[in-house]
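Asks: File follows, target13.cif with mmCIF, C-alpha atoms:
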data_my_file
#
loop_
_atom_site.group_PDB
_atom_site.id
_atom_site.type_symbol
_atom_site.label_atom_id
_atom_site.label_comp_id
_atom_site.auth_asym_id
_atom_site.auth_seq_id
_atom_site.Cartn_x
_atom_site.Cartn_y
_atom_site.Cartn_z
ATOM 1 C CA MET Q 1 -20.353 0.987 23.840
ATOM 2 C CA LYS Q 2 -21.075 4.648 24.186
ATOM 3 C CA ARG Q 3 -22.315 5.044 20.639
ATOM 4 C CA ASN Q 4 -25.905 4.337 19.797
ATOM 5 C CA ASP Q 5 -26.200 6.137 16.500
ATOM 6 C CA LEU Q 6 -23.749 4.194 14.380
ATOM 7 C CA GLN Q 7 -24.812 4.053 10.771
ATOM 8 C CA PHE Q 8 -23.339 1.979 7.997
ATOM 9 C CA PHE Q 9 -23.642 4.605 5.312
ATOM 10 C CA SER Q 10 -24.868 8.159 5.001
ATOM 11 C CA ARG Q 11 -25.157 10.459 2.038
ATOM 12 C CA LEU Q 12 -22.139 12.517 3.170
ATOM 13 C CA ASP Q 13 -20.039 9.373 2.718
ATOM 14 C CA LEU Q 14 -20.296 9.709 -1.050
ATOM 15 C CA PHE Q 15 -17.976 12.688 -0.759
ATOM 16 C CA PHE Q 16 -15.487 10.616 1.234
ATOM 17 C CA ILE Q 17 -15.665 7.834 -1.361
ATOM 18 C CA VAL Q 18 -15.387 10.050 -4.425
ATOM 19 C CA THR Q 19 -12.431 12.127 -3.160
ATOM 20 C CA PRO Q 20 -9.847 9.279 -3.186
ATOM 21 C CA ILE Q 21 -11.044 8.193 -6.635
ATOM 22 C CA PHE Q 22 -10.574 11.763 -7.801
ATOM 23 C CA ILE Q 23 -7.069 11.843 -6.286
ATOM 24 C CA ALA Q 24 -6.325 8.511 -7.986
ATOM 25 C CA PHE Q 25 -7.274 9.798 -11.417
ATOM 26 C CA PHE Q 26 -5.453 13.068 -10.796
ATOM 27 C CA ILE Q 27 -2.204 11.291 -9.951
ATOM 28 C CA ALA Q 28 -2.612 8.897 -12.875
ATOM 29 C CA ALA Q 29 -3.073 11.875 -15.183
ATOM 30 C CA ILE Q 30 0.131 13.665 -14.127
ATOM 31 C CA PRO Q 31 2.449 13.475 -17.130
ATOM 32 C CA GLN Q 32 5.895 12.074 -16.490
ATOM 33 C CA ALA Q 33 8.006 15.229 -16.600
ATOM 34 C CA SER Q 34 10.828 13.935 -18.716
ATOM 35 C CA GLY Q 35 12.055 14.788 -22.172
ATOM 36 C CA LYS Q 36 13.469 11.308 -22.619
ATOM 37 C CA ASN Q 37 11.671 8.829 -24.796
ATOM 38 C CA GLY Q 38 12.322 5.109 -24.718
ATOM 39 C CA VAL Q 39 15.139 5.347 -22.169
ATOM 40 C CA VAL Q 40 15.768 2.944 -19.308
ATOM 41 C CA THR Q 41 17.076 4.662 -16.184
ATOM 42 C CA VAL Q 42 18.242 3.120 -12.922
ATOM 43 C CA TYR Q 43 18.374 5.115 -9.700
ATOM 44 C CA ILE Q 44 19.933 3.980 -6.440
ATOM 45 C CA SER Q 45 18.951 6.042 -3.421
ATOM 46 C CA GLY Q 46 17.644 8.769 -5.717
ATOM 47 C CA GLU Q 47 20.822 9.069 -7.811
ATOM 48 C CA LEU Q 48 20.937 8.213 -11.488
ATOM 49 C CA VAL Q 49 23.470 5.395 -11.898
ATOM 50 C CA TYR Q 50 22.662 3.928 -15.306
ATOM 51 C CA GLU Q 51 20.937 4.884 -18.513
ATOM 52 C CA GLN Q 52 20.463 3.137 -21.838
ATOM 53 C CA PRO Q 53 18.056 3.085 -24.791
ATOM 54 C CA LEU Q 54 15.134 0.697 -24.444
ATOM 55 C CA THR Q 55 15.702 -0.767 -27.903
ATOM 56 C CA ARG Q 56 19.169 -2.183 -27.071
ATOM 57 C CA THR Q 57 19.117 -5.691 -25.612
ATOM 58 C CA ALA Q 58 21.484 -5.832 -22.653
ATOM 59 C CA THR Q 59 22.000 -6.996 -19.102
ATOM 60 C CA TRP Q 60 23.518 -4.766 -16.446
ATOM 61 C CA VAL Q 61 24.593 -5.712 -12.957
ATOM 62 C CA VAL Q 62 23.228 -3.317 -10.332
ATOM 63 C CA LYS Q 63 25.883 -2.734 -7.693
ATOM 64 C CA SER Q 64 26.257 -0.248 -4.877
ATOM 65 C CA ASP Q 65 29.646 0.276 -3.217
ATOM 66 C CA GLY Q 66 30.855 -2.944 -4.834
ATOM 67 C CA GLU Q 67 28.022 -4.944 -3.292
ATOM 68 C CA TYR Q 68 25.888 -6.980 -5.709
ATOM 69 C CA LEU Q 69 22.224 -5.995 -5.544
ATOM 70 C CA SER Q 70 20.384 -7.156 -8.632
ATOM 71 C CA THR Q 71 20.602 -7.617 -12.398
ATOM 72 C CA LEU Q 72 18.752 -5.522 -14.948
ATOM 73 C CA VAL Q 73 17.671 -7.249 -18.155
ATOM 74 C CA VAL Q 74 16.618 -5.163 -21.152
ATOM 75 C CA ASP Q 75 14.940 -6.882 -24.080
ATOM 76 C CA GLY Q 76 15.262 -4.541 -27.060
ATOM 77 C CA SER Q 77 12.895 -6.427 -29.359
ATOM 78 C CA LYS Q 78 10.060 -6.558 -26.821
ATOM 79 C CA GLU Q 79 10.978 -3.085 -25.492
ATOM 80 C CA LYS Q 80 10.611 -4.295 -21.926
ATOM 81 C CA VAL Q 81 12.839 -4.557 -18.863
ATOM 82 C CA LYS Q 82 12.951 -6.660 -15.719
ATOM 83 C CA LEU Q 83 15.062 -7.269 -12.636
ATOM 84 C CA VAL Q 84 16.432 -10.753 -11.961
ATOM 85 C CA ASP Q 85 18.549 -12.398 -9.252
ATOM 86 C CA SER Q 86 17.899 -9.741 -6.651
ATOM 87 C CA ASN Q 87 19.504 -10.215 -3.245
ATOM 88 C CA CYS Q 88 16.513 -8.775 -1.414
ATOM 89 C CA PRO Q 89 14.791 -11.167 1.000
ATOM 90 C CA LEU Q 90 11.293 -11.317 -0.439
ATOM 91 C CA LYS Q 91 12.244 -11.552 -4.153
ATOM 92 C CA ILE Q 92 9.053 -9.803 -5.113
ATOM 93 C CA CYS Q 93 10.792 -7.608 -7.688
ATOM 94 C CA GLU Q 94 11.513 -10.749 -9.686
ATOM 95 C CA ARG Q 95 7.854 -11.718 -9.631
ATOM 96 C CA THR Q 96 7.076 -8.278 -11.098
ATOM 97 C CA GLY Q 97 8.224 -9.537 -14.476
ATOM 98 C CA TRP Q 98 8.553 -7.401 -17.591
ATOM 99 C CA VAL Q 99 7.767 -3.687 -17.486
ATOM 100 C CA GLY Q 100 7.267 -1.538 -20.589
ATOM 101 C CA ILE Q 101 7.262 2.186 -21.429
ATOM 102 C CA GLY Q 102 5.857 4.347 -18.649
ATOM 103 C CA GLY Q 103 6.409 1.584 -16.116
ATOM 104 C CA SER Q 104 8.727 1.373 -13.178
ATOM 105 C CA ILE Q 105 10.143 -1.216 -10.821
ATOM 106 C CA VAL Q 106 10.877 -0.223 -7.246
ATOM 107 C CA CYS Q 107 12.925 -2.275 -4.801
ATOM 108 C CA VAL Q 108 12.600 -0.647 -1.400
ATOM 109 C CA PRO Q 109 15.161 -2.763 0.544
ATOM 110 C CA ASN Q 110 17.859 -2.001 -2.046
ATOM 111 C CA LYS Q 111 16.592 1.522 -2.814
ATOM 112 C CA ILE Q 112 16.600 0.716 -6.530
ATOM 113 C CA VAL Q 113 14.212 2.437 -8.916
ATOM 114 C CA VAL Q 114 14.109 1.327 -12.545
ATOM 115 C CA LYS Q 115 12.117 3.569 -14.833
ATOM 116 C CA VAL Q 116 11.241 3.165 -18.463
ATOM 117 C CA GLU Q 117 10.774 6.734 -19.534
ATOM 118 C CA GLY Q 118 8.704 7.591 -22.535
ATOM 119 C CA LYS Q 119 5.521 9.151 -23.750
ATOM 120 C CA THR Q 120 2.585 6.827 -23.337
ATOM 121 C CA LYS Q 121 -0.489 6.727 -21.206
ATOM 122 C CA ALA Q 122 0.690 7.161 -17.665
ATOM 123 C CA SER Q 123 -1.856 4.575 -16.561
ATOM 124 C CA GLU Q 124 0.193 1.832 -18.163
ATOM 125 C CA ILE Q 125 2.341 1.708 -15.064
ATOM 126 C CA ASP Q 126 2.792 -1.952 -14.526
ATOM 127 C CA ILE Q 127 3.962 -2.674 -11.083
ATOM 128 C CA VAL Q 128 5.895 -1.513 -8.094
ATOM 129 C CA THR Q 129 7.636 -3.899 -5.803
ATOM 130 C CA TRP Q 130 10.039 -4.254 -2.953
ATOM 131 C CA MET B 131 -12.295 -7.809 23.928
ATOM 132 C CA VAL B 132 -9.136 -5.946 22.872
ATOM 133 C CA ALA B 133 -7.138 -9.162 23.196
ATOM 134 C CA VAL B 134 -9.637 -11.146 21.135
ATOM 135 C CA LEU B 135 -9.683 -8.516 18.396
ATOM 136 C CA ALA B 136 -5.864 -8.286 18.409
ATOM 137 C CA ALA B 137 -5.565 -12.060 18.043
ATOM 138 C CA PHE B 138 -8.095 -11.917 15.243
ATOM 139 C CA GLY B 139 -6.029 -9.184 13.581
ATOM 140 C CA VAL B 140 -2.859 -11.287 13.751
ATOM 141 C CA ALA B 141 -4.653 -14.282 12.229
ATOM 142 C CA ILE B 142 -6.071 -12.240 9.347
ATOM 143 C CA TYR B 143 -2.695 -10.519 8.828
ATOM 144 C CA VAL B 144 -1.010 -13.890 8.308
ATOM 145 C CA VAL B 145 -3.723 -15.533 6.192
ATOM 146 C CA GLU B 146 -4.418 -12.426 4.123
ATOM 147 C CA ARG B 147 -1.108 -12.797 2.302
ATOM 148 C CA LEU B 148 -2.487 -15.822 0.488
ATOM 149 C CA ILE B 149 -5.307 -13.864 -1.156
ATOM 150 C CA PRO B 150 -4.402 -12.787 -4.719
ATOM 151 C CA PHE B 151 -3.752 -9.056 -5.080
ATOM 152 C CA PRO B 152 -3.586 -7.007 -8.324
ATOM 153 C CA LEU B 153 -0.027 -5.859 -7.508
ATOM 154 C CA PRO B 154 2.773 -8.356 -6.720
ATOM 155 C CA VAL B 155 3.144 -6.691 -3.376
ATOM 156 C CA GLY B 156 0.614 -5.302 -0.964
ATOM 157 C CA ARG B 157 -2.407 -6.775 0.694
ATOM 158 C CA TRP B 158 -6.120 -6.168 0.745
ATOM 159 C CA GLY B 159 -6.067 -4.699 4.233
ATOM 160 C CA LEU B 160 -8.730 -6.949 5.722
ATOM 161 C CA SER B 161 -6.624 -7.301 8.876
ATOM 162 C CA ASN B 162 -7.647 -3.734 9.642
ATOM 163 C CA TYR B 163 -11.142 -4.963 10.357
ATOM 164 C CA PRO B 164 -10.519 -5.468 14.129
ATOM 165 C CA VAL B 165 -8.928 -1.996 14.289
ATOM 166 C CA LEU B 166 -11.970 -0.471 12.616
ATOM 167 C CA THR B 167 -14.319 -2.384 14.881
ATOM 168 C CA ILE B 168 -12.771 -1.022 18.078
ATOM 169 C CA ILE B 169 -12.768 2.521 16.663
ATOM 170 C CA LEU B 170 -16.461 2.238 15.823
ATOM 171 C CA CYS B 171 -16.973 1.150 19.425
ATOM 172 C CA GLY B 172 -15.562 4.559 20.389
ATOM 173 C CA ARG B 173 -12.316 3.177 21.799
ATOM 174 C CA ALA B 174 -9.687 4.677 19.519
ATOM 175 C CA PRO B 175 -6.734 4.390 21.981
ATOM 176 C CA ASP B 176 -7.264 0.633 22.052
ATOM 177 C CA ALA B 177 -7.157 0.667 18.250
ATOM 178 C CA LEU B 178 -3.507 1.758 18.382
ATOM 179 C CA LEU B 179 -2.759 -1.158 20.683
ATOM 180 C CA ILE B 180 -4.484 -3.665 18.391
ATOM 181 C CA LEU B 181 -2.710 -2.218 15.366
ATOM 182 C CA ILE B 182 0.731 -2.502 16.971
ATOM 183 C CA VAL B 183 0.113 -6.035 18.260
ATOM 184 C CA LYS B 184 -1.204 -7.150 14.877
ATOM 185 C CA SER B 185 1.723 -5.626 12.950
ATOM 186 C CA VAL B 186 4.481 -6.783 15.306
ATOM 187 C CA VAL B 187 3.235 -10.308 16.017
ATOM 188 C CA GLY B 188 1.926 -10.824 12.467
ATOM 189 C CA SER B 189 5.168 -9.705 10.837
ATOM 190 C CA MET B 190 7.190 -11.887 13.210
ATOM 191 C CA ILE B 191 5.147 -14.887 12.066
ATOM 192 C CA ILE B 192 5.560 -14.161 8.350
ATOM 193 C CA GLY B 193 9.186 -13.043 8.826
ATOM 194 C CA SER B 194 8.987 -9.417 7.759
ATOM 195 C CA PHE B 195 9.574 -7.861 11.189
ATOM 196 C CA LEU B 196 11.484 -4.518 10.916
ATOM 197 C CA SER B 197 11.639 -4.853 7.110
ATOM 198 C CA PRO B 198 10.766 -1.803 4.989
ATOM 199 C CA GLN B 199 7.393 -3.409 4.374
ATOM 200 C CA PHE B 200 6.756 -3.632 8.113
ATOM 201 C CA ILE B 201 7.764 -0.004 8.713
ATOM 202 C CA MET B 202 5.500 1.170 5.907
ATOM 203 C CA GLY B 203 2.588 -0.858 7.178
ATOM 204 C CA LEU B 204 2.956 0.295 10.766
ATOM 205 C CA GLY B 205 3.549 3.947 9.819
ATOM 206 C CA GLY B 206 0.554 3.988 7.506
ATOM 207 C CA GLY B 207 -1.557 2.195 10.080
ATOM 208 C CA ILE B 208 -0.731 4.590 12.911
ATOM 209 C CA CYS B 209 -1.538 7.604 10.724
ATOM 210 C CA ALA B 210 -4.776 5.929 9.635
ATOM 211 C CA VAL B 211 -5.834 5.285 13.237
ATOM 212 C CA LEU B 212 -5.063 8.891 14.172
ATOM 213 C CA ALA B 213 -7.092 10.149 11.189
ATOM 214 C CA MET B 214 -10.053 7.897 12.028
ATOM 215 C CA TRP B 215 -9.778 8.941 15.669
ATOM 216 C CA ALA B 216 -9.889 12.609 14.680
ATOM 217 C CA LEU B 217 -12.844 12.051 12.379
ATOM 218 C CA GLU B 218 -14.652 10.144 15.083
ATOM 219 C CA ALA B 219 -13.902 12.744 17.754
ATOM 220 C CA CYS B 220 -15.018 15.663 15.586
ATOM 221 C CA SER B 221 -18.557 14.451 15.042
ATOM 222 C CA ASN B 222 -20.826 12.396 17.219
ATOM 223 C CA LYS B 223 -22.699 10.987 14.270
ATOM 224 C CA VAL B 224 -20.353 8.966 12.151
ATOM 225 C CA SER B 225 -20.899 6.211 9.622
ATOM 226 C CA ALA B 226 -18.821 3.067 9.287
ATOM 227 C CA VAL B 227 -18.079 3.631 5.606
ATOM 228 C CA ARG B 228 -16.795 7.149 6.196
ATOM 229 C CA VAL B 229 -14.379 6.117 8.953
ATOM 230 C CA SER B 230 -13.197 3.072 7.004
ATOM 231 C CA VAL B 231 -12.603 4.880 3.717
ATOM 232 C CA THR B 232 -10.743 7.696 5.492
ATOM 233 C CA GLY B 233 -8.502 5.165 7.222
ATOM 234 C CA ALA B 234 -7.783 3.249 4.017
ATOM 235 C CA THR B 235 -6.952 6.397 2.054
ATOM 236 C CA VAL B 236 -4.652 7.832 4.732
ATOM 237 C CA ASN B 237 -2.996 4.421 5.115
ATOM 238 C CA ASN B 238 -2.261 4.126 1.383
ATOM 239 C CA VAL B 239 -1.030 7.686 0.951
ATOM 240 C CA ILE B 240 1.293 7.497 3.965
ATOM 241 C CA GLN B 241 2.678 4.097 2.941
ATOM 242 C CA VAL B 242 3.509 5.356 -0.528
ATOM 243 C CA LEU B 243 5.127 8.497 0.915
ATOM 244 C CA ILE B 244 7.251 6.357 3.270
ATOM 245 C CA ALA B 245 8.283 4.153 0.325
ATOM 246 C CA SER B 246 9.146 7.269 -1.705
ATOM 247 C CA ALA B 247 11.257 8.611 1.151
ATOM 248 C CA MET B 248 13.061 5.278 1.482
ATOM 249 C CA VAL B 249 14.098 5.079 -2.162
ATOM 250 C CA LYS B 250 14.486 8.892 -2.428
ATOM 251 C CA ASN B 251 12.447 8.879 -5.608
ATOM 252 C CA TRP B 252 8.840 9.690 -6.412
ATOM 253 C CA ALA B 253 8.395 6.498 -8.449
ATOM 254 C CA PRO B 254 6.294 4.674 -5.797
ATOM 255 C CA THR B 255 3.531 7.280 -6.155
ATOM 256 C CA ALA B 256 2.887 5.801 -9.603
ATOM 257 C CA TYR B 257 0.971 2.944 -8.066
ATOM 258 C CA LEU B 258 -1.041 5.065 -5.649
ATOM 259 C CA PRO B 259 -4.053 5.195 -8.049
ATOM 260 C CA VAL B 260 -4.405 1.400 -8.080
ATOM 261 C CA LEU B 261 -3.944 1.229 -4.319
ATOM 262 C CA LEU B 262 -6.548 3.916 -3.657
ATOM 263 C CA ILE B 263 -9.171 2.175 -5.785
ATOM 264 C CA VAL B 264 -8.429 -1.239 -4.288
ATOM 265 C CA GLY B 265 -8.375 0.367 -0.848
ATOM 266 C CA GLU B 266 -11.892 1.704 -1.328
ATOM 267 C CA ILE B 267 -13.215 -1.750 -2.142
ATOM 268 C CA SER B 268 -11.730 -3.380 0.926
ATOM 269 C CA ALA B 269 -12.604 -0.348 3.049
ATOM 270 C CA VAL B 270 -16.299 -0.777 2.265
ATOM 271 C CA ALA B 271 -16.039 -4.527 2.938
ATOM 272 C CA ASN B 272 -14.298 -3.823 6.259
ATOM 273 C CA ALA B 273 -16.894 -1.205 7.122
ATOM 274 C CA TYR B 274 -19.717 -3.686 6.616
ATOM 275 C CA LEU B 275 -18.031 -6.374 8.724
ATOM 276 C CA ALA B 276 -17.138 -3.942 11.519
ATOM 277 C CA TRP B 277 -20.597 -2.358 11.504
ATOM 278 C CA LYS B 278 -22.263 -5.766 11.813
ATOM 279 C CA THR B 279 -19.827 -6.739 14.564
ATOM 280 C CA VAL B 280 -20.526 -3.590 16.561
ATOM 281 C CA ILE B 281 -24.281 -4.177 16.309
ATOM 282 C CA ILE B 282 -23.908 -7.769 17.496
ATOM 283 C CA LEU B 283 -21.608 -6.712 20.332
ATOM 284 C CA LYS B 284 -24.016 -4.001 21.401
ATOM 285 C CA GLU B 285 -26.924 -6.398 21.535
ATOM 286 C CA GLY B 286 -24.796 -8.725 23.632
ATOM 287 C CA ARG B 287 -25.432 -11.576 21.226
ATOM 288 C CA PHE B 288 -21.824 -12.786 21.153
ATOM 289 C CA ILE B 289 -21.463 -16.462 22.070
#
Let me see whether you can do it: turn the structure in this file into structure tokens.
Replies:
Amino acid sequence: MKRNDLQFFSRLDLFFIVTPIFIAFFIAAIPQASGKNGVVTVYISGELVYEQPLTRTATWVVKSDGEYLSTLVVDGSKEKVKLVDSNCPLKICERTGWVGIGGSIVCVPNKIVVKVEGKTKASEIDIVTW
Amino acid sequence: MVAVLAAFGVAIYVVERLIPFPLPVGRWGLSNYPVLTIILCGRAPDALLILIVKSVVGSMIIGSFLSPQFIMGLGGGICAVLAMWALEACSNKVSAVRVSVTGATVNNVIQVLIASAMVKNWAPTAYLPVLLIVGEISAVANAYLAWKTVIILKEGRFI
């Protein structure tokens, strides 16, 4: 133990505490740069593979190179989307549940990103999962 | 002492999963408490060792070894230890809260960047605000625990 002057808290720490909160609000305030409104988009590995209006109820099977990955469910009346029957090991994306406008679902093992693009408060981002 | 702290880290890593978290994925980060403790003792190189043992053994127990989650956790953790090490080395008067909050913030930012790189999309940054705020809460809790531990260790009151 070479240190004898260890404090729990000093006034300088307020700066270290406030900075991440500031960053958090800054990121939350960044508008989603997209002209689309009420559109569901699915990206695999950064490439747009599917797009449909949020108000149309539909299910779409997410595949990559013929391999089944997951199923996208869009509920037009509730204007929400979710992923079901994913083949990823932890199944956390299914626990995410329904995501509305401004939200996104991320599945890191399958490199799937589902976005519901539209103009609402950016803070309404529901959940990210993998 | 490193071995005891590493074992402690593994135990917290495994049990921590059971604590409810505001996002369906992620954890409070309380298993970083042993890492923080050893850094506050001025032994940052040992912190890397504890971090790696905790991540590897812990993820083997819960079955996420070498998964994207594991890579994100380890990558974020290593960057956090390096940041805390740098902060600690740059000043000889350092407070527990400052080191802890710096580590938590670096950890969260790096994890989200790794996730973004994996899916080749910036979408994961959307949940960085929640993570940063949650990270601050557990960082202060960790700082208090580690600070108390260091004091007790220094006084030789253990056992």
Asks: Tell me which of B:Leu261, B:Ala177, B:Leu170, B:Ala247 sits closest to Q:Ile27, counting only C-alpha atoms.
Replies: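 Going through B:Leu261, B:Ala177, B:Leu170, B:Ala247 one by one, the smallest distance to Q:Ile27 is for B:Leu261.
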Asks: When distances are computed from all atoms listed in the file, which of B:Val186, B:Leu196, B:Ala269, B:Ile149 shows the smallest separation from B:Asn238?
Replies: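 Under the stated criterion, the closest residue is B:Ala269.
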Asks: Using all atoms listed in the file, which of B:Cys171, B:Cys220, B:Leu160, B:Ala253 sits nearest B:Leu275?
Replies: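 Counting all atoms listed in the file, the residue closest to B:Leu275 is B:Leu160.
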Asks: Please provide as a list in words all residues within 10 Å of Q:Ser10, with the sequence filter that same-chain residues fewer than 5 positions apart are discarded (counting only C-alpha atoms).
Replies: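 That gives Lys223, Val224, Ser225, Ala226, Val227 and Arg228 of chain B.
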Asks: Which residues, named as in the file, does the PyMOL selection byres ((chain Q) within 6 of (chain B)) pick out? Answer as a compact mmCIF listing (two decimals) with C-alpha atoms, in the coordinates of the input.
Replies:
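Contents of result-v9.txt, freshly written:
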# COMPACT_ATOMS: atom_id res chain seq x y z
CA MET Q 1 -20.35 0.99 23.84
CA LEU Q 6 -23.75 4.19 14.38
CA GLN Q 7 -24.81 4.05 10.77
CA PHE Q 8 -23.34 1.98 8.00
CA PHE Q 9 -23.64 4.61 5.31
CA ASP Q 13 -20.04 9.37 2.72
CA ALA Q 24 -6.32 8.51 -7.99
CA SER Q 45 18.95 6.04 -3.42
CA GLY Q 46 17.64 8.77 -5.72
CA VAL Q 108 12.60 -0.65 -1.40
CA LYS Q 111 16.59 1.52 -2.81
CA THR Q 129 7.64 -3.90 -5.80
Asks: Care to translate the PyMOL selection byres ((chain B and resi 208) around 10) into actual residues of this file, as a ChimeraX atom specification?
Replies: /B:177-179,181-182,202-207,209-214,233,236-237,240
Asks: Quote the spacing between atom CA of B:Ser161 and atom CA of B:Ile282 in Å to one decimal place.
Replies: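 Atom CA of B:Ile282 lies at a distance of 19.3 Å from atom CA of B:Ser161.
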Asks: Could you state the separation of atom CA of Q:Val81 and atom CA of Q:Asp65 in Å, given to one decimal place?
Replies: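 Those two atoms sit 23.5 Å apart.
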Asks: Do you have the atom CA of Q:Ser77-atom CA of Q:Leu54 distance handy?
Replies: 8.9 Å
Asks: Of the residues Q:Asn87, Q:Asn37, Q:Ser64, Q:Ser70, which is the one nearest to Q:Gln52, using all atoms listed in the file?
Replies: Q:Asn37
Asks: I need the residue nearest B:Phe138 from this list: B:Tyr163, B:Trp215, B:Phe195, B:Phe200. Use only C-alpha atoms for the distance.
Replies: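 Smallest separation from B:Phe138 among the options: B:Tyr163.
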Asks: Write stretch 65-88 of chain Q as a short mmCIF file (atom, residue, chain, number, x, y, z; two decimals), in the frame of the given file, completed to N, CA and C atoms.
Replies:
data_model
loop_
_atom_site.label_atom_id
_atom_site.label_comp_id
_atom_site.auth_asym_id
_atom_site.auth_seq_id
_atom_site.Cartn_x
_atom_site.Cartn_y
_atom_site.Cartn_z
N ASP Q 65 28.42 0.40 -4.02
CA ASP Q 65 29.65 0.28 -3.22
C ASP Q 65 30.26 -1.12 -3.36
N GLY Q 66 30.25 -1.64 -4.58
CA GLY Q 66 30.86 -2.94 -4.83
C GLY Q 66 30.01 -4.12 -4.40
N GLU Q 67 28.86 -3.84 -3.75
CA GLU Q 67 28.02 -4.94 -3.29
C GLU Q 67 26.98 -5.28 -4.36
N TYR Q 68 26.87 -6.56 -4.71
CA TYR Q 68 25.89 -6.98 -5.71
C TYR Q 68 24.47 -6.79 -5.18
N LEU Q 69 23.61 -6.18 -5.97
CA LEU Q 69 22.22 -6.00 -5.54
C LEU Q 69 21.25 -6.77 -6.43
N SER Q 70 21.39 -6.60 -7.74
CA SER Q 70 20.38 -7.16 -8.63
C SER Q 70 20.92 -7.09 -10.06
N THR Q 71 20.19 -7.68 -11.00
CA THR Q 71 20.60 -7.62 -12.40
C THR Q 71 19.45 -7.11 -13.24
N LEU Q 72 19.76 -6.11 -14.07
CA LEU Q 72 18.75 -5.52 -14.95
C LEU Q 72 18.84 -6.19 -16.32
N VAL Q 73 17.71 -6.64 -16.83
CA VAL Q 73 17.67 -7.25 -18.16
C VAL Q 73 16.81 -6.37 -19.05
N VAL Q 74 17.38 -5.96 -20.19
CA VAL Q 74 16.62 -5.16 -21.15
C VAL Q 74 16.45 -5.98 -22.42
N ASP Q 75 15.21 -6.17 -22.84
CA ASP Q 75 14.94 -6.88 -24.08
C ASP Q 75 14.55 -5.86 -25.14
N GLY Q 76 15.47 -5.59 -26.06
CA GLY Q 76 15.26 -4.54 -27.06
C GLY Q 76 14.13 -4.85 -28.02
N SER Q 77 13.93 -6.12 -28.37
CA SER Q 77 12.90 -6.43 -29.36
C SER Q 77 11.50 -6.30 -28.75
N LYS Q 78 11.37 -6.70 -27.48
CA LYS Q 78 10.06 -6.56 -26.82
C LYS Q 78 9.87 -5.17 -26.21
N GLU Q 79 10.97 -4.41 -26.13
CA GLU Q 79 10.98 -3.08 -25.49
C GLU Q 79 10.47 -3.17 -24.05
N LYS Q 80 10.99 -4.13 -23.32
CA LYS Q 80 10.61 -4.30 -21.93
C LYS Q 80 11.85 -4.58 -21.08
N VAL Q 81 11.72 -4.32 -19.78
CA VAL Q 81 12.84 -4.56 -18.86
C VAL Q 81 12.34 -5.36 -17.67
N LYS Q 82 13.29 -6.02 -16.99
CA LYS Q 82 12.95 -6.66 -15.72
C LYS Q 82 14.20 -6.77 -14.85
N LEU Q 83 13.96 -7.03 -13.57
CA LEU Q 83 15.06 -7.27 -12.64
C LEU Q 83 15.10 -8.77 -12.34
N VAL Q 84 16.31 -9.33 -12.33
CA VAL Q 84 16.43 -10.75 -11.96
C VAL Q 84 17.52 -10.90 -10.90
N ASP Q 85 17.52 -12.03 -10.23
CA ASP Q 85 18.55 -12.40 -9.25
C ASP Q 85 18.80 -11.31 -8.22
N SER Q 86 17.73 -10.76 -7.67
CA SER Q 86 17.90 -9.74 -6.65
C SER Q 86 18.33 -10.39 -5.34
N ASN Q 87 19.09 -9.65 -4.53
CA ASN Q 87 19.50 -10.22 -3.24
C ASN Q 87 18.55 -9.82 -2.12
N CYS Q 88 17.43 -9.18 -2.47
CA CYS Q 88 16.51 -8.78 -1.41
C CYS Q 88 15.76 -10.00 -0.88
#
